[in-house]
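Q: Mind looking over this structure? Questions follow.
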Amino acid sequence: MSGEPILCVRALEKRYGARVGCTDVSFDVWSGEVMAIVGESGSGKTTLLNCISGRLPPSSGGVSYRMRDGTLRDLAELGEAERRFLMRTDWGFVHQNPIDGLRMRVSAGANVGERLMAVGERHYGRIRGAATDWLGRVEIDAGRIDDQPVSFSGGMRQRLQIARNLVTHPRLVFMDEPTGGLDVSVQARVLDLLRGLVADLGLAVIIVTHDLAVARLLSQRMMVMKSGRVIEAGLTDRVLDDPRHAYTQLLVASIPES
Ligand SMILES: Nc1ncnc2c1ncn2[C@@H]1O[C@H](COP(=O)(O)OP(=O)(O)OP(=O)(O)O)[C@@H](O)[C@H]1O
């Protein structure tokens with residue numbers, strides 16, 4: 001983590017009519033760091049993630065992203081084609097439910113290969129080779145390359161969704177409760193895998209989770225949200241070991257002893 005931030009969020013607010021989704025949120029993210037956004041249901045995590053990933057227009061405030069050429073661009077000023085290109089190439093989005101991030105009726109290999117084709121790769125052998133390589137990296141047997149994800153377990157589907165996102169070497173990946181829908185034993189394996197890949201690839205990651213154990217395992221920094229606001233932010237170990245805000249203390253105290 002060095003140099004200039006890859007993402008800058010300033011005074012971001014999203015309202016749904018009179019209801020506040022999130023408000024007064026400002027932070028930066030650097031390459032190679034994982035930032036967790038934690039908080040209870042309804043605290044505004046998903047709203048914030050959707051605003052900063054360009055999926056939802058903020059009511060006010062802004063988000064800027066550092067392009068590969070080093071320029072910092074205001075997302076609101078990008079054209080639709082530029083925004084779509086970013087989403088296909090530089091960014092990834094891992095959904096809680098793999099069904100939202102995969103095409104369930106095309107093969108696993110095509111799910112991975114499709115993202116490569118979207119960035120201009122046309123050579124069948126190279127696409128197949130990259131898909132095989134990525135299935136291996138997410139610990140899916142290469143023999144399943146022609147199977148559709150409908151025949152996969154929940155954990156395999158999630159690992160396939162991760163491969164589909166990472167094959168284009170994105171620089172920034174958004175994750176919305178990536179292990180939320182999985183059994184505990186399966187969660188551990190997916191978390192382990194994510195941790196290794198994020199470190200290997202030097203990705204910037206913004207991950208939404210209500211699970212402080214997931215934040216502890218994956219993130220270096222975290223933000224705690226309550227009623228749409230960030231009430232505490234800092235290094236993950238500091239926030240979890242020495243929470244300053246009464247609400248964070250409550251959240252930390254409610255983690256079951258293992
Ligand atoms: N489409 C919507 N229309 C109206 N209000 C909404 C909408 N989406 C979210 N909200 C409200 O905005 C606030 C923040 O919700 P949000 O879904 O961002 O929280 P969250 O922390 O992600 O919760 P969860 O973990 O349950 O998804 C809540 O009060 C919610 O009711």
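Note on naming: chains are A, B, ... as they come in the structure tokens, residues start from 1 per chain, ligands start from 1 in the order shown.
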Identify, with DSSP run on backbone atoms, the residues in range 75-122 of chain A assigned to helix (DSSP H, G or I), and express the list as a PDB file with N, CA and C atoms, in the first residue's frame.
A:
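Final file, out.pdb:
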ATOM      1  N   LEU A  75     -16.692   9.554 -10.761  1.00  0.00           N
ATOM      2  CA  LEU A  75     -17.530   8.528 -11.389  1.00  0.00           C
ATOM      3  C   LEU A  75     -18.778   9.126 -12.028  1.00  0.00           C
ATOM      4  N   ALA A  76     -19.309  10.167 -11.408  1.00  0.00           N
ATOM      5  CA  ALA A  76     -20.536  10.759 -11.933  1.00  0.00           C
ATOM      6  C   ALA A  76     -20.304  11.374 -13.308  1.00  0.00           C
ATOM      7  N   GLU A  77     -19.034  11.677 -13.613  1.00  0.00           N
ATOM      8  CA  GLU A  77     -18.756  12.315 -14.902  1.00  0.00           C
ATOM      9  C   GLU A  77     -18.326  11.333 -15.980  1.00  0.00           C
ATOM     10  N   GLU A  80     -21.575   6.401 -19.856  1.00  0.00           N
ATOM     11  CA  GLU A  80     -22.101   5.070 -19.598  1.00  0.00           C
ATOM     12  C   GLU A  80     -21.148   3.985 -20.138  1.00  0.00           C
ATOM     13  N   ALA A  81     -20.598   4.218 -21.328  1.00  0.00           N
ATOM     14  CA  ALA A  81     -19.711   3.220 -21.934  1.00  0.00           C
ATOM     15  C   ALA A  81     -18.433   3.075 -21.103  1.00  0.00           C
ATOM     16  N   GLU A  82     -17.910   4.216 -20.606  1.00  0.00           N
ATOM     17  CA  GLU A  82     -16.697   4.166 -19.782  1.00  0.00           C
ATOM     18  C   GLU A  82     -16.958   3.414 -18.476  1.00  0.00           C
ATOM     19  N   ARG A  83     -18.131   3.685 -17.904  1.00  0.00           N
ATOM     20  CA  ARG A  83     -18.476   3.039 -16.638  1.00  0.00           C
ATOM     21  C   ARG A  83     -18.615   1.521 -16.826  1.00  0.00           C
ATOM     22  N   ARG A  84     -19.261   1.151 -17.913  1.00  0.00           N
ATOM     23  CA  ARG A  84     -19.434  -0.286 -18.184  1.00  0.00           C
ATOM     24  C   ARG A  84     -18.092  -0.952 -18.420  1.00  0.00           C
ATOM     25  N   PHE A  85     -17.204  -0.232 -19.121  1.00  0.00           N
ATOM     26  CA  PHE A  85     -15.882  -0.790 -19.388  1.00  0.00           C
ATOM     27  C   PHE A  85     -15.126  -1.017 -18.074  1.00  0.00           C
ATOM     28  N   LEU A  86     -15.208  -0.028 -17.172  1.00  0.00           N
ATOM     29  CA  LEU A  86     -14.567  -0.191 -15.852  1.00  0.00           C
ATOM     30  C   LEU A  86     -15.094  -1.436 -15.139  1.00  0.00           C
ATOM     31  N   MET A  87     -16.408  -1.592 -15.162  1.00  0.00           N
ATOM     32  CA  MET A  87     -17.018  -2.711 -14.456  1.00  0.00           C
ATOM     33  C   MET A  87     -16.583  -4.047 -15.041  1.00  0.00           C
ATOM     34  N   ARG A  88     -16.317  -4.067 -16.344  1.00  0.00           N
ATOM     35  CA  ARG A  88     -15.914  -5.319 -16.984  1.00  0.00           C
ATOM     36  C   ARG A  88     -14.438  -5.624 -16.825  1.00  0.00           C
ATOM     37  N   THR A  89     -13.644  -4.590 -16.570  1.00  0.00           N
ATOM     38  CA  THR A  89     -12.200  -4.789 -16.616  1.00  0.00           C
ATOM     39  C   THR A  89     -11.525  -4.540 -15.271  1.00  0.00           C
ATOM     40  N   PRO A  98     -24.296 -16.359  -5.352  1.00  0.00           N
ATOM     41  CA  PRO A  98     -23.582 -16.557  -6.621  1.00  0.00           C
ATOM     42  C   PRO A  98     -24.500 -16.489  -7.835  1.00  0.00           C
ATOM     43  N   ILE A  99     -25.785 -16.773  -7.628  1.00  0.00           N
ATOM     44  CA  ILE A  99     -26.725 -16.717  -8.759  1.00  0.00           C
ATOM     45  C   ILE A  99     -26.757 -15.310  -9.365  1.00  0.00           C
ATOM     46  N   ASP A 100     -26.518 -14.300  -8.525  1.00  0.00           N
ATOM     47  CA  ASP A 100     -26.531 -12.919  -9.023  1.00  0.00           C
ATOM     48  C   ASP A 100     -25.268 -12.561  -9.807  1.00  0.00           C
ATOM     49  N   ALA A 108     -19.023 -23.759 -16.566  1.00  0.00           N
ATOM     50  CA  ALA A 108     -18.093 -23.067 -15.660  1.00  0.00           C
ATOM     51  C   ALA A 108     -16.998 -22.380 -16.461  1.00  0.00           C
ATOM     52  N   GLY A 109     -16.468 -23.087 -17.460  1.00  0.00           N
ATOM     53  CA  GLY A 109     -15.402 -22.510 -18.283  1.00  0.00           C
ATOM     54  C   GLY A 109     -15.867 -21.254 -18.997  1.00  0.00           C
ATOM     55  N   ALA A 110     -17.109 -21.299 -19.508  1.00  0.00           N
ATOM     56  CA  ALA A 110     -17.636 -20.131 -20.221  1.00  0.00           C
ATOM     57  C   ALA A 110     -17.895 -18.985 -19.258  1.00  0.00           C
ATOM     58  N   ASN A 111     -18.289 -19.295 -18.027  1.00  0.00           N
ATOM     59  CA  ASN A 111     -18.501 -18.234 -17.035  1.00  0.00           C
ATOM     60  C   ASN A 111     -17.221 -17.444 -16.806  1.00  0.00           C
ATOM     61  N   VAL A 112     -16.106 -18.147 -16.803  1.00  0.00           N
ATOM     62  CA  VAL A 112     -14.830 -17.462 -16.590  1.00  0.00           C
ATOM     63  C   VAL A 112     -14.369 -16.812 -17.900  1.00  0.00           C
ATOM     64  N   GLY A 113     -14.485 -17.582 -18.987  1.00  0.00           N
ATOM     65  CA  GLY A 113     -14.000 -17.104 -20.284  1.00  0.00           C
ATOM     66  C   GLY A 113     -14.736 -15.873 -20.798  1.00  0.00           C
ATOM     67  N   GLU A 114     -16.008 -15.802 -20.470  1.00  0.00           N
ATOM     68  CA  GLU A 114     -16.833 -14.697 -20.944  1.00  0.00           C
ATOM     69  C   GLU A 114     -16.275 -13.331 -20.531  1.00  0.00           C
ATOM     70  N   ARG A 115     -15.766 -13.260 -19.292  1.00  0.00           N
ATOM     71  CA  ARG A 115     -15.213 -11.978 -18.822  1.00  0.00           C
ATOM     72  C   ARG A 115     -13.965 -11.611 -19.634  1.00  0.00           C
ATOM     73  N   LEU A 116     -13.199 -12.643 -20.019  1.00  0.00           N
ATOM     74  CA  LEU A 116     -12.008 -12.367 -20.832  1.00  0.00           C
ATOM     75  C   LEU A 116     -12.408 -11.881 -22.215  1.00  0.00           C
ATOM     76  N   MET A 117     -13.453 -12.495 -22.758  1.00  0.00           N
ATOM     77  CA  MET A 117     -13.911 -12.077 -24.086  1.00  0.00           C
ATOM     78  C   MET A 117     -14.404 -10.638 -24.042  1.00  0.00           C
ATOM     79  N   ALA A 118     -14.993 -10.268 -22.897  1.00  0.00           N
ATOM     80  CA  ALA A 118     -15.515  -8.903 -22.763  1.00  0.00           C
ATOM     81  C   ALA A 118     -14.383  -7.876 -22.789  1.00  0.00           C
TER      82      ALA A 118
END
Q: Using only C-alpha atoms and all ligand atoms, which residues of the polymer chains come no farther than 10 Å from ligand 1? I'd like the answer as a PyMOL selection string.
A: chain A and resi 14-22+37-51+56+176-177+208-210+225-229
Q: Could the residues in this selection be written to a file with N, CA and C atoms, as a short mmCIF file (atom, residue, chain, number, x, y, z; two decimals), in the first residue's frame?
A:
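Below is the file selection_25.cif, written as the result:
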data_model
loop_
_atom_site.label_atom_id
_atom_site.label_comp_id
_atom_site.auth_asym_id
_atom_site.auth_seq_id
_atom_site.Cartn_x
_atom_site.Cartn_y
_atom_site.Cartn_z
N LYS A 14 -26.88 9.10 0.46
CA LYS A 14 -27.96 8.53 -0.36
C LYS A 14 -29.24 8.56 0.46
N ARG A 15 -30.25 9.20 -0.08
CA ARG A 15 -31.56 9.23 0.58
C ARG A 15 -32.55 8.45 -0.27
N TYR A 16 -33.46 7.78 0.41
CA TYR A 16 -34.60 7.17 -0.28
C TYR A 16 -35.81 7.98 0.18
N GLY A 17 -36.19 9.00 -0.56
CA GLY A 17 -37.22 9.90 -0.08
C GLY A 17 -36.71 10.57 1.19
N ALA A 18 -37.49 10.46 2.27
CA ALA A 18 -37.06 11.10 3.52
C ALA A 18 -36.09 10.20 4.29
N ARG A 19 -36.02 8.91 3.93
CA ARG A 19 -35.18 7.99 4.70
C ARG A 19 -33.72 8.08 4.27
N VAL A 20 -32.85 8.06 5.27
CA VAL A 20 -31.41 8.12 4.98
C VAL A 20 -30.89 6.71 4.73
N GLY A 21 -30.27 6.49 3.57
CA GLY A 21 -29.59 5.22 3.31
C GLY A 21 -28.21 5.27 3.93
N CYS A 22 -27.44 6.29 3.54
CA CYS A 22 -26.15 6.56 4.20
C CYS A 22 -25.88 8.05 4.06
N ILE A 37 -16.59 -2.92 5.63
CA ILE A 37 -17.69 -2.07 6.09
C ILE A 37 -18.61 -2.98 6.90
N VAL A 38 -18.69 -2.71 8.20
CA VAL A 38 -19.49 -3.59 9.05
C VAL A 38 -20.62 -2.81 9.71
N GLY A 39 -21.58 -3.53 10.22
CA GLY A 39 -22.73 -2.91 10.88
C GLY A 39 -23.91 -3.85 10.80
N GLU A 40 -24.90 -3.55 11.62
CA GLU A 40 -26.08 -4.41 11.66
C GLU A 40 -26.92 -4.24 10.40
N SER A 41 -27.90 -5.10 10.27
CA SER A 41 -28.85 -4.99 9.17
C SER A 41 -29.53 -3.61 9.21
N GLY A 42 -29.58 -2.95 8.05
CA GLY A 42 -30.24 -1.64 7.98
C GLY A 42 -29.31 -0.48 8.29
N SER A 43 -28.03 -0.76 8.56
CA SER A 43 -27.11 0.32 8.94
C SER A 43 -26.62 1.12 7.72
N GLY A 44 -26.86 0.59 6.52
CA GLY A 44 -26.50 1.36 5.32
C GLY A 44 -25.33 0.79 4.53
N LYS A 45 -24.87 -0.40 4.89
CA LYS A 45 -23.70 -0.99 4.23
C LYS A 45 -23.92 -1.21 2.74
N THR A 46 -25.05 -1.84 2.41
CA THR A 46 -25.31 -2.16 1.01
C THR A 46 -25.53 -0.90 0.20
N THR A 47 -26.23 0.05 0.78
CA THR A 47 -26.45 1.32 0.10
C THR A 47 -25.10 1.96 -0.24
N LEU A 48 -24.21 1.99 0.75
CA LEU A 48 -22.89 2.59 0.53
C LEU A 48 -22.13 1.83 -0.57
N LEU A 49 -22.12 0.51 -0.48
CA LEU A 49 -21.39 -0.29 -1.48
C LEU A 49 -21.95 -0.04 -2.88
N ASN A 50 -23.26 0.01 -2.98
CA ASN A 50 -23.87 0.23 -4.29
C ASN A 50 -23.56 1.62 -4.83
N CYS A 51 -23.50 2.61 -3.95
CA CYS A 51 -23.15 3.97 -4.41
C CYS A 51 -21.70 4.03 -4.88
N LEU A 56 -25.66 2.62 -7.93
CA LEU A 56 -26.76 3.44 -7.40
C LEU A 56 -26.25 4.89 -7.40
N ASP A 176 -20.01 -8.20 -1.42
CA ASP A 176 -21.17 -8.00 -0.56
C ASP A 176 -21.45 -9.31 0.17
N GLU A 177 -21.05 -9.40 1.41
CA GLU A 177 -21.27 -10.62 2.22
C GLU A 177 -20.87 -11.88 1.44
N VAL A 208 -18.36 -5.72 2.33
CA VAL A 208 -19.45 -5.49 3.28
C VAL A 208 -19.72 -6.78 4.01
N THR A 209 -19.77 -6.72 5.32
CA THR A 209 -20.11 -7.92 6.09
C THR A 209 -20.74 -7.51 7.43
N HIS A 210 -21.63 -8.37 7.92
CA HIS A 210 -22.12 -8.10 9.28
C HIS A 210 -21.32 -8.97 10.25
N MET A 225 -20.68 1.05 10.69
CA MET A 225 -21.82 1.91 10.35
C MET A 225 -23.00 1.68 11.28
N LYS A 226 -23.69 2.78 11.54
CA LYS A 226 -24.92 2.71 12.33
C LYS A 226 -25.84 3.82 11.80
N SER A 227 -27.07 3.47 11.52
CA SER A 227 -28.06 4.43 11.02
C SER A 227 -27.52 5.28 9.86
N GLY A 228 -26.80 4.64 8.95
CA GLY A 228 -26.33 5.33 7.75
C GLY A 228 -25.04 6.10 7.90
N ARG A 229 -24.52 6.17 9.14
CA ARG A 229 -23.28 6.94 9.35
C ARG A 229 -22.13 6.02 9.75
#
Q: Using only C-alpha atoms, which of A:Asn97, A:Asn165, A:Ser151, A:Gln158 sits nearest Val186 in chain A?
A: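 Looking only at the distances to Val186 in chain A, the closest residue turns out to be A:Gln158.
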Q: If you run DSSP on this backbone, which residues of range 7-245 of chain A come out as strand (DSSP E), and could you give them as an MDAnalysis selection string?
A: chainID A and resid 7:16 19:29 34:38 60:66 72:74 91:94 172:176 204:209 221:226 229:235
Q: Could you state the separation of CA of Val138 in chain A and CA of Leu191 in chain A in Å, given to one decimal place?
A: 11.3 Å
Q: Between CA of Leu135 in chain A and CA of Leu201 in chain A, what is the distance, to one decimal in Å?
A: 15.9 Å
Q: Give me, as a PDB file with N, CA and C atoms, in the first residue's frame, all polymer residues having an atom no more than 7 Å from range 235-237 of chain A, counting only C-alpha atoms and skipping those fewer than 4 positions away in the same chain.
A:
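Okay, this is what ended up in around-v1.pdb:
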ATOM      1  N   ARG A 216     -12.194  -9.425  10.550  1.00  0.00           N
ATOM      2  CA  ARG A 216     -10.911  -9.669  11.227  1.00  0.00           C
ATOM      3  C   ARG A 216      -9.965 -10.463  10.319  1.00  0.00           C
ATOM      4  N   SER A 219      -9.614  -8.107   6.495  1.00  0.00           N
ATOM      5  CA  SER A 219      -9.369  -6.683   6.270  1.00  0.00           C
ATOM      6  C   SER A 219      -8.238  -6.117   7.119  1.00  0.00           C
ATOM      7  N   GLN A 220      -7.619  -5.066   6.604  1.00  0.00           N
ATOM      8  CA  GLN A 220      -6.639  -4.310   7.397  1.00  0.00           C
ATOM      9  C   GLN A 220      -7.305  -3.124   8.072  1.00  0.00           C
ATOM     10  N   ARG A 221      -8.312  -2.568   7.399  1.00  0.00           N
ATOM     11  CA  ARG A 221      -9.015  -1.422   7.980  1.00  0.00           C
ATOM     12  C   ARG A 221     -10.509  -1.702   7.975  1.00  0.00           C
ATOM     13  N   MET A 222     -11.223  -1.059   8.885  1.00  0.00           N
ATOM     14  CA  MET A 222     -12.664  -1.224   8.859  1.00  0.00           C
ATOM     15  C   MET A 222     -13.401   0.048   9.246  1.00  0.00           C
ATOM     16  N   ASP A 241     -10.030  -4.809  18.925  1.00  0.00           N
ATOM     17  CA  ASP A 241      -9.417  -5.067  20.238  1.00  0.00           C
ATOM     18  C   ASP A 241      -9.675  -3.930  21.225  1.00  0.00           C
TER      19      ASP A 241
END
Q: With only C-alpha atoms as the counted atoms, please give the residues lying no more than 12 Å from Gly143 in chain A, apart from itself and same-chain residues fewer than 4 positions off, as a PyMOL selection string.
A: chain A and resi 107-109+131-132+135-136+139+147-148
Q: So how far away is CA of Asp133 in chain A from CA of Asp200 in chain A, in Å?
A: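 If I compute the distance from CA of Asp200 in chain A to CA of Asp133 in chain A, I get 14.9 Å.
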Q: Need the shell around range 250-256 of chain A: protein/DNA/RNA residues with any atom at most 9 Å away, counting only C-alpha atoms. Skip same-chain ones fewer than 2 positions apart. Format as a PyMOL selection string?
A: chain A and resi 39-40+211-213+240-241+243+245-248+258
